[in-house]
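Raw contents of my_file-v2.cif, mmCIF, C-alpha atoms:
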data_query
#
loop_
_atom_site.label_atom_id
_atom_site.label_comp_id
_atom_site.auth_asym_id
_atom_site.auth_seq_id
_atom_site.Cartn_x
_atom_site.Cartn_y
_atom_site.Cartn_z
CA MET Y 9 21.50 21.38 17.86
CA TYR Y 10 21.85 22.80 14.42
CA THR Y 11 20.39 20.86 11.56
CA GLN Y 12 19.94 20.68 7.86
CA ALA Y 13 17.19 23.26 8.25
CA LEU Y 14 19.81 25.97 8.65
CA ASP Y 15 20.00 28.37 5.76
CA SER Y 16 23.66 28.09 4.79
CA PRO Y 17 24.99 25.42 2.43
CA ILE Y 18 26.85 22.39 3.75
CA PRO Y 19 30.49 23.29 3.02
CA ASP Y 20 31.50 20.03 1.37
CA ALA Y 21 28.73 20.39 -1.20
CA ARG Y 22 30.86 23.06 -2.87
CA PRO Y 23 32.97 21.96 -5.81
CA GLY Y 24 36.59 21.71 -4.81
CA SER Y 25 39.81 20.73 -6.55
CA PRO Y 26 41.48 17.45 -5.49
CA ALA Y 27 44.28 19.47 -3.89
CA GLY Y 28 41.75 21.55 -1.97
CA GLN Y 29 40.05 18.35 -0.85
CA ALA Y 30 43.33 16.92 0.44
CA ALA Y 31 44.05 20.11 2.35
CA LEU Y 32 40.62 20.00 3.98
CA GLU Y 33 41.15 16.38 4.97
CA ARG Y 34 44.56 17.15 6.43
CA ARG Y 35 43.16 20.04 8.44
CA PHE Y 36 40.33 17.82 9.69
CA GLU Y 37 42.76 15.09 10.81
CA GLU Y 38 44.85 17.71 12.61
CA ARG Y 39 41.82 19.00 14.47
CA ILE Y 40 40.95 15.46 15.57
CA GLU Y 41 44.57 14.98 16.62
CA ARG Y 42 44.35 18.09 18.82
CA ASP Y 43 41.15 16.67 20.39
CA GLU Y 44 39.07 19.53 19.01
CA LYS Y 45 35.33 18.97 18.66
CA ILE Y 46 33.81 18.87 15.19
CA GLU Y 47 30.56 20.83 14.90
CA PRO Y 48 27.74 20.41 12.36
CA LYS Y 49 28.72 23.13 9.91
CA ASP Y 50 32.43 22.28 9.97
CA TRP Y 51 33.92 20.50 7.00
CA MET Y 52 34.17 16.74 7.55
CA PRO Y 53 35.01 13.76 5.31
CA GLU Y 54 31.94 12.09 3.87
CA THR Y 55 32.87 8.76 5.48
CA TYR Y 56 33.08 10.43 8.92
CA ARG Y 57 29.60 11.87 8.34
CA GLN Y 58 28.21 8.50 7.20
CA THR Y 59 29.81 6.62 10.09
CA LEU Y 60 28.23 9.01 12.57
CA ILE Y 61 24.83 8.93 10.87
CA ARG Y 62 24.87 5.14 11.02
CA GLN Y 63 26.00 4.98 14.65
CA ILE Y 64 23.83 7.78 16.07
CA SER Y 65 20.65 6.73 14.26
CA GLN Y 66 21.12 3.10 15.37
CA HIS Y 67 21.67 4.36 18.88
CA ALA Y 68 18.45 6.43 18.66
CA HIS Y 69 16.46 3.48 17.30
CA SER Y 70 17.77 1.33 20.16
CA GLU Y 71 16.43 3.79 22.72
CA ILE Y 72 13.02 3.87 21.04
CA VAL Y 73 12.69 0.09 20.61
CA GLY Y 74 14.15 -0.30 24.11
CA MET Y 75 10.96 1.22 25.52
CA LEU Y 76 9.01 -1.88 24.46
CA PRO Y 77 10.40 -4.72 26.61
CA GLU Y 78 10.03 -2.66 29.77
CA GLY Y 79 6.78 -0.99 28.77
CA ASN Y 80 5.46 -4.54 28.76
CA TRP Y 81 5.55 -4.53 32.60
CA ILE Y 82 4.19 -1.08 33.44
CA THR Y 83 0.64 -2.28 34.02
CA ARG Y 84 1.86 -5.25 36.07
CA ALA Y 85 4.50 -3.60 38.26
CA PRO Y 86 4.20 -5.04 41.78
CA SER Y 87 3.68 -1.72 43.60
CA LEU Y 88 2.82 1.90 42.90
CA ARG Y 89 6.42 2.91 43.62
CA ARG Y 90 7.79 0.38 41.13
CA LYS Y 91 5.23 1.50 38.59
CA ALA Y 92 6.08 5.20 38.92
CA VAL Y 93 9.79 4.37 38.61
CA LEU Y 94 9.26 2.20 35.54
CA ILE Y 95 7.15 4.84 33.80
CA ALA Y 96 9.87 7.44 34.49
CA LYS Y 97 12.53 5.10 33.13
CA VAL Y 98 10.61 4.32 29.94
CA GLN Y 99 9.97 8.06 29.45
CA ASP Y 100 13.69 8.65 29.78
CA GLU Y 101 14.40 6.08 27.06
CA GLY Y 102 12.01 7.96 24.77
CA GLY Y 103 13.77 11.22 25.65
CA HIS Y 104 17.16 9.66 24.92
CA GLY Y 105 15.88 8.62 21.51
CA MET Y 106 14.85 12.23 20.87
CA TYR Y 107 18.25 13.69 21.91
CA LEU Y 108 19.95 11.25 19.56
CA TYR Y 109 17.63 11.80 16.59
CA SER Y 110 18.34 15.53 17.06
CA ALA Y 111 22.08 14.87 16.99
CA ALA Y 112 21.82 12.63 13.90
CA GLU Y 113 19.77 15.26 12.08
CA THR Y 114 22.63 17.76 12.39
CA LEU Y 115 24.47 15.53 9.89
CA GLY Y 116 21.85 16.02 7.20
CA LEU Y 117 19.48 13.07 7.55
CA ALA Y 118 15.82 14.06 8.11
CA ARG Y 119 14.02 12.52 11.06
CA ALA Y 120 11.22 11.22 8.83
CA GLN Y 121 13.83 9.27 6.87
CA MET Y 122 15.27 7.71 10.00
CA LEU Y 123 11.81 6.74 11.17
CA GLU Y 124 11.08 5.25 7.78
CA GLN Y 125 14.26 3.19 7.91
CA LEU Y 126 13.29 1.87 11.33
CA LEU Y 127 9.73 1.01 10.35
CA ASP Y 128 10.57 -0.72 7.07
CA GLY Y 129 13.20 -2.85 8.79
CA ARG Y 130 16.29 -1.42 7.05
CA ALA Y 131 17.70 0.21 10.17
CA LYS Y 132 19.47 -1.79 12.85
CA TYR Y 133 19.06 -1.35 16.58
CA SER Y 134 20.67 -3.05 19.55
CA SER Y 135 20.08 -6.80 19.36
CA ILE Y 136 19.34 -6.96 23.09
CA PHE Y 137 15.83 -5.56 22.62
CA ASN Y 138 14.78 -8.56 20.58
CA TYR Y 139 14.68 -10.68 23.73
CA PRO Y 140 11.44 -10.97 25.71
CA THR Y 141 10.80 -9.78 29.27
CA LEU Y 142 9.05 -12.87 30.62
CA THR Y 143 8.88 -12.09 34.34
CA TRP Y 144 9.11 -9.07 36.65
CA ALA Y 145 12.69 -10.08 37.44
CA ASP Y 146 13.53 -9.33 33.81
CA VAL Y 147 12.78 -5.66 34.48
CA GLY Y 148 15.40 -5.81 37.23
CA ALA Y 149 17.89 -7.65 35.03
CA VAL Y 150 17.39 -5.22 32.15
CA GLY Y 151 18.08 -2.22 34.40
CA TRP Y 152 21.07 -3.83 36.09
CA LEU Y 153 22.72 -5.55 33.10
CA VAL Y 154 21.42 -3.92 29.92
CA ASP Y 155 21.57 -0.36 31.26
CA GLY Y 156 24.85 -1.23 32.97
CA ALA Y 157 26.33 -2.34 29.65
CA ALA Y 158 24.86 0.71 27.92
CA ILE Y 159 26.48 3.04 30.46
CA MET Y 160 29.82 1.31 29.96
CA ASN Y 161 29.45 1.88 26.22
CA GLN Y 162 28.19 5.43 26.50
CA ILE Y 163 30.51 7.08 29.00
CA PRO Y 164 33.46 7.16 26.58
CA ILE Y 165 31.17 8.60 23.87
CA CYS Y 166 30.76 11.71 26.08
CA ARG Y 167 34.26 12.54 24.75
CA CYS Y 168 33.42 11.70 21.13
CA SER Y 169 34.92 14.06 18.54
CA TYR Y 170 31.49 15.04 17.18
CA GLY Y 171 30.06 17.80 19.39
CA PRO Y 172 26.29 17.15 19.16
CA TYR Y 173 26.73 13.41 19.80
CA ALA Y 174 29.02 14.05 22.76
CA ARG Y 175 26.59 16.58 24.27
CA ALA Y 176 23.60 14.24 23.85
CA MET Y 177 25.60 11.52 25.53
CA VAL Y 178 26.50 13.66 28.55
CA ARG Y 179 22.80 14.26 29.12
CA ILE Y 180 21.96 10.58 28.64
CA CYS Y 181 24.68 9.32 30.97
CA LYS Y 182 23.48 11.64 33.74
CA GLU Y 183 20.02 10.12 33.50
CA GLU Y 184 21.08 6.52 32.93
CA SER Y 185 22.59 5.95 36.35
CA PHE Y 186 19.17 5.83 38.03
CA HIS Y 187 18.10 3.18 35.52
CA GLN Y 188 20.85 0.82 36.55
CA ARG Y 189 20.39 1.41 40.27
CA GLN Y 190 16.64 0.81 40.19
CA GLY Y 191 17.29 -2.44 38.28
CA PHE Y 192 19.79 -3.62 40.86
CA GLU Y 193 17.36 -2.70 43.63
CA ILE Y 194 14.69 -4.93 42.04
CA MET Y 195 17.20 -7.79 41.82
CA LEU Y 196 18.21 -7.21 45.44
CA ALA Y 197 14.61 -7.33 46.65
CA LEU Y 198 14.09 -10.64 44.81
CA ALA Y 199 17.43 -12.08 45.91
CA ARG Y 200 16.49 -11.40 49.54
CA GLY Y 201 12.99 -12.78 49.03
CA ASN Y 202 11.58 -16.29 49.23
CA PRO Y 203 12.96 -19.26 47.25
CA GLU Y 204 10.59 -18.65 44.32
CA GLN Y 205 11.67 -15.01 44.11
CA ARG Y 206 15.35 -15.99 44.23
CA ALA Y 207 14.74 -18.54 41.47
CA MET Y 208 13.05 -15.83 39.40
CA ALA Y 209 16.06 -13.53 39.81
CA GLN Y 210 18.46 -16.34 38.86
CA ASP Y 211 16.37 -17.24 35.82
CA ALA Y 212 16.46 -13.61 34.65
CA LEU Y 213 20.24 -13.45 35.07
CA ASP Y 214 20.58 -16.77 33.19
CA ARG Y 215 18.69 -15.40 30.23
CA TRP Y 216 20.14 -11.82 30.12
CA TRP Y 217 23.82 -12.46 30.87
CA TRP Y 218 25.05 -13.57 27.45
CA PRO Y 219 22.90 -11.17 25.41
CA SER Y 220 24.26 -8.36 27.64
CA LEU Y 221 27.85 -9.34 26.83
CA MET Y 222 26.92 -9.34 23.13
CA MET Y 223 25.72 -5.73 23.44
CA PHE Y 224 29.33 -4.57 23.16
CA GLY Y 225 29.39 -5.83 19.59
CA PRO Y 226 31.60 -8.31 17.78
CA SER Y 227 35.03 -9.15 19.15
CA ASP Y 228 37.84 -6.82 18.10
CA ALA Y 229 39.19 -9.41 15.66
CA SER Y 230 35.99 -9.31 13.61
CA SER Y 231 34.80 -5.74 14.16
CA THR Y 232 34.85 -3.88 10.86
CA HIS Y 233 34.38 -0.35 12.15
CA THR Y 234 36.48 -0.17 15.30
CA ALA Y 235 39.88 0.90 13.93
CA GLN Y 236 38.62 3.86 11.87
CA SER Y 237 36.19 4.97 14.61
CA MET Y 238 39.02 5.00 17.14
CA ARG Y 239 41.25 6.99 14.81
CA TRP Y 240 38.47 9.56 14.44
CA ARG Y 241 37.88 9.52 18.20
CA ILE Y 242 34.27 8.51 17.82
CA LYS Y 243 35.18 5.45 19.88
CA ARG Y 244 37.72 5.55 22.68
CA PHE Y 245 37.87 1.87 23.64
CA THR Y 246 37.45 -1.34 21.64
CA ASN Y 247 34.44 -3.63 22.04
CA ASP Y 248 36.47 -6.24 23.92
CA GLU Y 249 37.98 -3.68 26.30
CA LEU Y 250 34.53 -2.38 27.26
CA ARG Y 251 33.12 -5.91 27.58
CA GLN Y 252 35.96 -6.83 29.93
CA LYS Y 253 35.33 -3.77 32.10
CA PHE Y 254 31.67 -4.71 32.30
CA VAL Y 255 32.44 -8.30 33.32
CA ASP Y 256 34.92 -7.11 35.94
CA ILE Y 257 32.44 -4.83 37.69
CA THR Y 258 29.39 -7.06 37.28
CA VAL Y 259 30.69 -10.38 38.62
CA PRO Y 260 31.15 -9.02 42.17
CA GLN Y 261 27.66 -7.48 42.01
CA ALA Y 262 26.19 -10.90 41.13
CA GLU Y 263 28.12 -12.39 44.04
CA PHE Y 264 26.62 -9.78 46.36
CA LEU Y 265 23.16 -10.81 45.16
CA GLY Y 266 24.05 -14.46 45.78
CA LEU Y 267 23.29 -15.26 42.13
CA LYS Y 268 25.35 -17.43 39.84
CA ILE Y 269 26.64 -16.13 36.49
CA PRO Y 270 25.63 -18.75 33.89
CA ASP Y 271 29.15 -19.41 32.64
CA PRO Y 272 30.92 -22.55 33.91
CA ALA Y 273 34.22 -21.28 32.48
CA LEU Y 274 34.13 -17.96 34.35
CA ARG Y 275 37.18 -17.50 36.58
CA TRP Y 276 39.35 -14.84 38.17
CA ASP Y 277 42.71 -14.61 36.47
CA GLU Y 278 45.45 -13.54 38.87
CA ALA Y 279 47.94 -12.77 36.10
CA THR Y 280 45.77 -10.28 34.20
CA GLN Y 281 43.68 -9.21 37.22
CA HIS Y 282 40.52 -9.80 35.19
CA TYR Y 283 37.59 -12.18 35.19
CA LEU Y 284 37.85 -14.43 32.15
CA THR Y 285 34.64 -15.65 30.54
CA GLY Y 286 33.92 -18.66 28.38
CA PRO Y 287 33.44 -18.20 24.62
CA ILE Y 288 30.51 -16.10 23.41
CA ASP Y 289 28.13 -17.76 20.96
CA TRP Y 290 28.44 -15.26 18.13
CA SER Y 291 26.11 -17.29 15.90
CA GLU Y 292 23.27 -16.29 18.24
CA PHE Y 293 24.29 -12.62 17.96
CA GLU Y 294 24.38 -12.83 14.15
CA ALA Y 295 21.01 -14.58 14.03
CA VAL Y 296 19.31 -11.94 16.20
CA LEU Y 297 20.93 -9.17 14.17
CA GLN Y 298 19.63 -10.78 10.95
CA GLY Y 299 16.09 -10.67 12.31
CA HIS Y 300 15.80 -14.13 13.82
CA GLY Y 301 15.69 -13.23 17.52
CA PRO Y 302 12.70 -14.14 19.67
CA CYS Y 303 10.99 -10.73 19.30
CA ASN Y 304 12.28 -9.02 16.13
CA GLN Y 305 8.89 -9.26 14.39
CA GLU Y 306 6.94 -8.25 17.46
CA ARG Y 307 9.09 -5.16 18.11
CA LEU Y 308 8.75 -3.83 14.58
CA GLN Y 309 5.03 -4.56 14.53
CA ALA Y 310 4.61 -2.62 17.77
CA ARG Y 311 6.49 0.37 16.31
CA ARG Y 312 4.47 0.28 13.08
CA ALA Y 313 1.20 0.03 15.00
CA ALA Y 314 2.18 2.99 17.20
CA HIS Y 315 3.02 5.00 14.09
CA GLU Y 316 -0.28 4.14 12.38
CA GLU Y 317 -2.39 4.68 15.48
CA GLY Y 318 -0.81 8.10 15.96
CA ARG Y 319 -1.45 9.16 12.38
CA TRP Y 320 -4.74 10.95 13.08
CA VAL Y 321 -3.11 12.90 15.89
CA ARG Y 322 -0.31 14.09 13.62
CA GLU Y 323 -2.77 15.00 10.90
CA ALA Y 324 -5.01 16.88 13.32
CA ALA Y 325 -2.05 18.81 14.75
CA ALA Y 326 -0.83 19.74 11.26
CA ALA Y 327 -4.33 20.87 10.24
CA TYR Y 328 -4.65 22.95 13.40
CA ALA Y 329 -1.25 24.52 12.86
CA ALA Y 330 -2.05 25.30 9.22
CA LYS Y 331 -5.34 26.91 10.20
CA HIS Y 332 -3.66 29.08 12.81
CA GLY Y 333 -0.62 29.93 10.69
CA GLY Y 334 1.74 27.65 12.61
CA LEU Y 335 2.87 25.72 9.54
CA GLY Y 336 4.10 27.67 6.56
CA ALA Y 337 3.99 31.29 7.70
CA GLY Y 338 4.83 30.70 11.35
CA PRO Y 339 5.74 33.31 13.92
CA ARG Y 340 8.42 35.59 12.53
CA SER Y 341 10.46 35.88 15.68
CA ALA Y 342 11.52 33.65 18.52
CA SER Y 343 8.65 32.68 20.78
CA CYS Y 344 9.97 33.81 24.11
CA ILE Y 345 7.64 31.99 26.40
CA THR Y 346 8.29 32.99 29.96
CA ASN Y 347 4.82 33.38 31.41
CA PRO Y 348 1.32 32.13 30.64
CA ARG Y 349 0.20 35.46 29.21
CA ALA Y 350 3.07 35.53 26.74
CA GLN Y 351 2.30 31.95 25.77
CA GLY Y 352 -1.21 32.96 24.76
CA SER Y 353 -0.03 35.90 22.72
CA VAL Y 354 2.06 33.77 20.38
CA HIS Y 355 -1.02 32.14 19.01
CA GLU Y 356 -3.27 35.11 18.48
CA MET L 23 5.77 8.72 4.93
CA SER L 24 4.72 12.21 5.85
CA ASP L 25 7.22 15.05 5.94
CA ASP L 26 8.67 16.16 9.21
CA TRP L 27 7.10 18.94 11.17
CA PRO L 28 9.33 22.02 11.22
CA LEU L 29 12.33 21.95 13.51
CA PHE L 30 12.65 24.28 16.49
CA GLU L 31 15.80 25.00 18.47
CA VAL L 32 15.20 24.89 22.22
CA PHE L 33 16.71 27.28 24.79
CA ILE L 34 16.18 26.79 28.52
CA ARG L 35 16.71 29.07 31.51
CA ALA L 36 17.90 26.77 34.29
CA ARG L 37 16.78 29.16 37.02
CA SER L 38 16.02 32.82 37.52
CA GLY L 39 19.14 34.92 37.17
CA LEU L 40 20.69 32.74 34.45
CA GLU L 41 20.49 33.21 30.69
CA HIS L 42 18.60 30.87 28.37
CA LYS L 43 20.96 28.29 26.94
CA HIS L 44 20.68 26.15 23.83
CA VAL L 45 19.89 22.54 24.77
CA GLY L 46 18.74 20.83 21.57
CA SER L 47 15.90 20.73 19.12
CA VAL L 48 12.41 19.31 18.63
CA HIS L 49 10.02 18.87 15.74
CA ALA L 50 6.56 20.35 16.21
CA ALA L 51 3.59 21.49 14.17
CA ASP L 52 3.72 24.94 15.75
CA ALA L 53 5.53 26.95 18.40
CA ARG L 54 3.16 26.00 21.18
CA MET L 55 3.61 22.31 20.51
CA ALA L 56 7.36 22.90 20.35
CA ILE L 57 7.24 24.31 23.88
CA GLU L 58 5.31 21.27 25.06
CA HIS L 59 7.69 18.85 23.40
CA ALA L 60 10.67 20.76 24.76
CA ARG L 61 9.18 20.50 28.23
CA ASP L 62 8.78 16.71 27.90
CA VAL L 63 12.16 16.12 26.28
CA TYR L 64 14.42 18.57 28.12
CA THR L 65 12.94 19.28 31.56
CA ARG L 66 12.02 15.92 33.12
CA ARG L 67 14.26 16.70 36.09
CA GLN L 68 13.51 20.36 36.78
CA GLU L 69 16.22 21.53 34.41
CA GLY L 70 14.41 24.76 33.70
CA VAL L 71 12.00 27.51 34.70
CA SER L 72 11.53 28.99 31.23
CA ILE L 73 11.70 27.77 27.63
CA TRP L 74 12.32 29.60 24.36
CA VAL L 75 11.82 27.93 21.02
CA VAL L 76 12.77 29.37 17.64
CA ARG L 77 12.45 27.84 14.22
CA SER L 78 15.81 26.47 13.14
CA SER L 79 15.30 27.96 9.68
CA GLU L 80 15.16 31.43 11.26
CA ILE L 81 18.68 31.17 12.63
CA THR L 82 21.48 32.67 10.58
CA ALA L 83 24.83 31.27 11.62
CA SER L 84 28.36 32.41 10.88
CA ASP L 85 30.28 30.23 8.44
CA PRO L 86 33.07 28.19 10.07
CA GLU L 87 35.20 29.03 6.99
CA GLU L 88 35.03 32.69 8.03
CA ALA L 89 36.01 32.00 11.62
CA GLU L 90 39.52 33.32 11.08
CA ALA L 91 38.40 36.57 9.50
CA LEU L 92 35.81 37.11 12.21
CA PHE L 93 37.70 36.16 15.34
CA GLU L 94 41.40 36.34 14.57
CA PRO L 95 41.63 40.16 14.91
CA ALA L 96 40.96 39.87 18.66
CA ARG L 97 43.92 37.56 19.20
CA ASP L 98 46.74 40.16 19.27
CA LYS L 99 44.84 42.61 21.46
CA VAL L 100 45.92 41.16 24.77
CA TYR L 101 45.94 44.70 26.19
CA ARG L 102 42.19 44.27 26.56
CA HIS L 103 42.85 41.98 29.51
CA PRO L 104 43.82 43.27 32.97
CA THR L 105 46.76 40.86 33.29
CA PHE L 106 48.52 42.69 30.40
CA TYR L 107 49.52 45.49 32.78
CA ALA L 108 52.47 45.06 35.15
CA ILE L 109 51.75 46.62 38.53
CA PRO L 110 54.16 46.24 41.49
CA ASP L 111 52.95 43.81 44.19
CA GLU L 112 53.07 46.54 46.86
CA VAL L 113 50.26 48.40 45.18
CA LYS L 114 47.01 47.20 46.67
CA ASN L 115 43.41 47.29 45.54
CA LEU L 116 44.16 47.56 41.84
#
Would you kindly transcribe this structure into structure tokens?
Amino acid sequence: MYTQALDSPIPDARPGSPAGQAALERRFEERIERDEKIEPKDWMPETYRQTLIRQISQHAHSEIVGMLPEGNWITRAPSLRRKAVLIAKVQDEGGHGMYLYSAAETLGLARAQMLEQLLDGRAKYSSIFNYPTLTWADVGAVGWLVDGAAIMNQIPICRCSYGPYARAMVRICKEESFHQRQGFEIMLALARGNPEQRAMAQDALDRWWWPSLMMFGPSDASSTHTAQSMRWRIKRFTNDELRQKFVDITVPQAEFLGLKIPDPALRWDEATQHYLTGPIDWSEFEAVLQGHGPCNQERLQARRAAHEEGRWVREAAAAYAAKHGGLGAGPRSASCITNPRAQGSVHE
Amino acid sequence: MSDDWPLFEVFIRARSGLEHKHVGSVHAADARMAIEHARDVYTRRQEGVSIWVVRSSEITASDPEEAEALFEPARDKVYRHPTFYAIPDEVKNL
């Protein structure tokens, strides 16, 4: 993915007349209309750029913070198989964060700046990760519901008008499917277990159901960004449409598990052919978003600690690179590493 | 906040016989670390047998504003494609 490190100027930094600006905007809208992809060096309206920076960086932060609730259970996974799977899943989340930071950087925001915004609390990330994982069943519920909701959100973004974001999302969606299936498998094992295990599974569903529905964001009536994002084909469906799809596929899965969705108002509606839920408590969503969820402080502290504890490693690597000409001068041509001997030669 | 390490573009050969293809980018202190990061970030599922990394700042790209001047001249030269030529159906192996 191209980035701000490329040597040519960003086109819209050039002075242009108002008429020229209008022509550029018209051409941009026409390209979107034709479903063409916009690439990093193409001209784009500043608001389009800012919308994408906000959305992609928040998405990246969510992947990174999302490693924490599940990482919490790696050392206590009930078997070696579960442990290996959980490590692989958490690694994937880290990888997804990296793909997305890469994509966001193509819009002109440096990675160090994004990291700074996350660590000083300015940046937002998905509110779901501010809930605790209290039992092993929560690892199952997170995979099944949280990753399920994420997939529902992410699949349409594979067709997003911005090329680097769409490509990152294709990669992420391919990997995400295993996350959801392993979560459901954990729930299934507990649901078929003894009464205590079934109770644990039910308790996890009780706690994760509503926060999962909130992951789709505010209802369409109060969503400030939806209309413009849909016009620019960054979004393809509204928050409520995606939430409804999620409810419709998840309710039968809960029935299969023999678990009860914690919503007394939930019912099948013959007329619309949808499951209708009771009202969502948006005051809880707002509170968590404002920093008052159960784990907001803990999550940020964990990120800051990781950053501080890794400082000496970063400094040592930079010193080593400087000593060996890796920083500054650098190799003048592409390092075409195809065999171990070639790999050695790059650093002579 | 320290500055970012330099950015490297990552190219991966999926398997022998295929070309290296651009897959994304990583920050790293040097090229060797870039290879290692690329391996962790882009090949967790055997997506490749070989990795190239190149500093992003070393890439010179064409300007999208020049796309017309660069690529338009090829548009009216359809005679470069085999389907341009009308050959009777009875003629075989052509």
When you count only C-alpha atoms, which of these residues is closest to Arg61 of chain L: Y:Gly103, Y:Pro226, Y:Ala174, Y:Thr246?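 Closest candidate: Y:Gly103.
As for atom CA of Gly286 of chain Y and atom CA of Gln298 of chain Y, they are spaced 23.9 Å apart.
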Exercise: Glu113 of chain Y partners within 12 Å, only C-alpha atoms, chain neighbours under 2 positions left out, as a ChimeraX atom specification: /Y:9-14,48,57-58,60-62,64-65,68,106-111,115-123,172-173 /L:26,29,46-49,78
Choose the residue, out of L:Leu92, L:Ala36, L:Ile109, L:Asp52, that has the smallest atom-to-atom separation from Glu69 of chain L; count all atoms listed in the file. L:Ala36
Mind pulling up the distance from atom CA of Gly74 of chain Y to atom CA of Lys43 of chain L?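 These atoms are spaced 29.5 Å apart.
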At a cut-off of 8 Å, list the chain L residues touching chain Y, using all atoms listed in the file, as a short mmCIF file (atom, residue, chain, number, x, y, z; two decimals) with C-alpha atoms, in the coordinates of the input.
data_model
loop_
_atom_site.label_atom_id
_atom_site.label_comp_id
_atom_site.auth_asym_id
_atom_site.auth_seq_id
_atom_site.Cartn_x
_atom_site.Cartn_y
_atom_site.Cartn_z
CA MET L 23 5.77 8.72 4.93
CA SER L 24 4.72 12.21 5.85
CA ASP L 25 7.22 15.05 5.94
CA ASP L 26 8.67 16.16 9.21
CA TRP L 27 7.10 18.94 11.17
CA PRO L 28 9.33 22.02 11.22
CA LEU L 29 12.33 21.95 13.51
CA GLU L 31 15.80 25.00 18.47
CA HIS L 44 20.68 26.15 23.83
CA VAL L 45 19.89 22.54 24.77
CA GLY L 46 18.74 20.83 21.57
CA SER L 47 15.90 20.73 19.12
CA VAL L 48 12.41 19.31 18.63
CA ALA L 51 3.59 21.49 14.17
CA ASP L 52 3.72 24.94 15.75
CA ALA L 53 5.53 26.95 18.40
CA ARG L 54 3.16 26.00 21.18
CA ASP L 62 8.78 16.71 27.90
CA VAL L 63 12.16 16.12 26.28
CA TYR L 64 14.42 18.57 28.12
CA SER L 72 11.53 28.99 31.23
CA ILE L 73 11.70 27.77 27.63
CA TRP L 74 12.32 29.60 24.36
CA VAL L 75 11.82 27.93 21.02
CA VAL L 76 12.77 29.37 17.64
CA ARG L 77 12.45 27.84 14.22
CA SER L 78 15.81 26.47 13.14
CA SER L 79 15.30 27.96 9.68
CA GLU L 80 15.16 31.43 11.26
CA ILE L 81 18.68 31.17 12.63
CA THR L 82 21.48 32.67 10.58
CA ALA L 83 24.83 31.27 11.62
CA ASP L 85 30.28 30.23 8.44
CA PRO L 86 33.07 28.19 10.07
CA GLU L 87 35.20 29.03 6.99
#
I would like the residues chosen by the PyMOL selection byres ((chain Y and resi 130-134) around 8) on the shown file; could you give them as JSON, numbers by chain? {"Y": [66, 67, 69, 70, 73, 122, 125, 126, 127, 128, 129, 135, 136, 137, 223, 297]}
Starting from the shown file, work through the PyMOL selection byres ((chain Y and resi 158-164) around 10) and note down what comes out as a PyMOL selection string. chain Y and resi 151+153-157+165-168+174+177-178+180-182+184-185+187-188+220+223-224+241-247+250-251+253-254
What does the distance between atom CA of Arg90 of chain Y and atom CA of Ala209 of chain Y come to in Å, to one decimal place? 16.2 Å
Reference answer for the PyMOL selection byres ((chain Y and resi 268-282) around 8), as a list of chain:residue names: Y:Gln210, Y:Leu213, Y:Asp214, Y:Trp217, Y:Gln252, Y:Asp256, Y:Val259, Y:Ala262, Y:Glu263, Y:Gly266, Y:Leu267, Y:Tyr283, Y:Leu284, Y:Thr285, Y:Gly286
3 Å per side around segment 250-267 of chain Y: axis-aligned box centre and edge lengths, as lines of an AutoDock Vina configuration file:
center_x = 29.6
center_y = -8.8
center_z = 36.8
size_x = 18.8
size_y = 18.9
size_z = 25.1
Residue contacts of Arg215 of chain Y (10 Å, all atoms listed in the file) excluding same-chain residues fewer than 4 positions away, as a PyMOL selection string: chain Y and resi 139-142+146+149+210-211+219-220+270
Could those residues be written to a file, using C-alpha atoms, as a short mmCIF file (atom, residue, chain, number, x, y, z; two decimals), keeping the file's coordinate frame?
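Output contents, as saved in selection.cif:
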data_model
loop_
_atom_site.label_atom_id
_atom_site.label_comp_id
_atom_site.auth_asym_id
_atom_site.auth_seq_id
_atom_site.Cartn_x
_atom_site.Cartn_y
_atom_site.Cartn_z
CA TYR Y 139 14.68 -10.68 23.73
CA PRO Y 140 11.44 -10.97 25.71
CA THR Y 141 10.80 -9.78 29.27
CA LEU Y 142 9.05 -12.87 30.62
CA ASP Y 146 13.53 -9.33 33.81
CA ALA Y 149 17.89 -7.65 35.03
CA GLN Y 210 18.46 -16.34 38.86
CA ASP Y 211 16.37 -17.24 35.82
CA PRO Y 219 22.90 -11.17 25.41
CA SER Y 220 24.26 -8.36 27.64
CA PRO Y 270 25.63 -18.75 33.89
#
List as a PyMOL selection string the protein and nucleic acid residues near segment 193-199 of chain Y, meaning an atom at most 8 Å away when all atoms listed in the file are counted, but skip any in the same chain fewer than 2 places from it. chain Y and resi 145+147-149+152+189-191+201-202+205-206+208-209+265-267
Within 12 Å of file point (38.3, 41.9, 37.1), counting only C-alpha atoms, expressed as a PDB file with C-alpha atoms, in the coordinates of the input:
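Contents of point.pdb, as written:
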ATOM      1  CA  ARG L 102      42.190  44.270  26.560  1.00  0.00           C
ATOM      2  CA  HIS L 103      42.850  41.980  29.510  1.00  0.00           C
ATOM      3  CA  PRO L 104      43.820  43.270  32.970  1.00  0.00           C
ATOM      4  CA  THR L 105      46.760  40.860  33.290  1.00  0.00           C
ATOM      5  CA  ASN L 115      43.410  47.290  45.540  1.00  0.00           C
ATOM      6  CA  LEU L 116      44.160  47.560  41.840  1.00  0.00           C
TER       7      LEU L 116
END
For His59 of chain L, the nearest of the candidates L:Phe30, L:Glu90, L:Gly39, L:Ala108, counting all atoms listed in the file: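 Distance minimum relative to His59 of chain L lands on L:Phe30.
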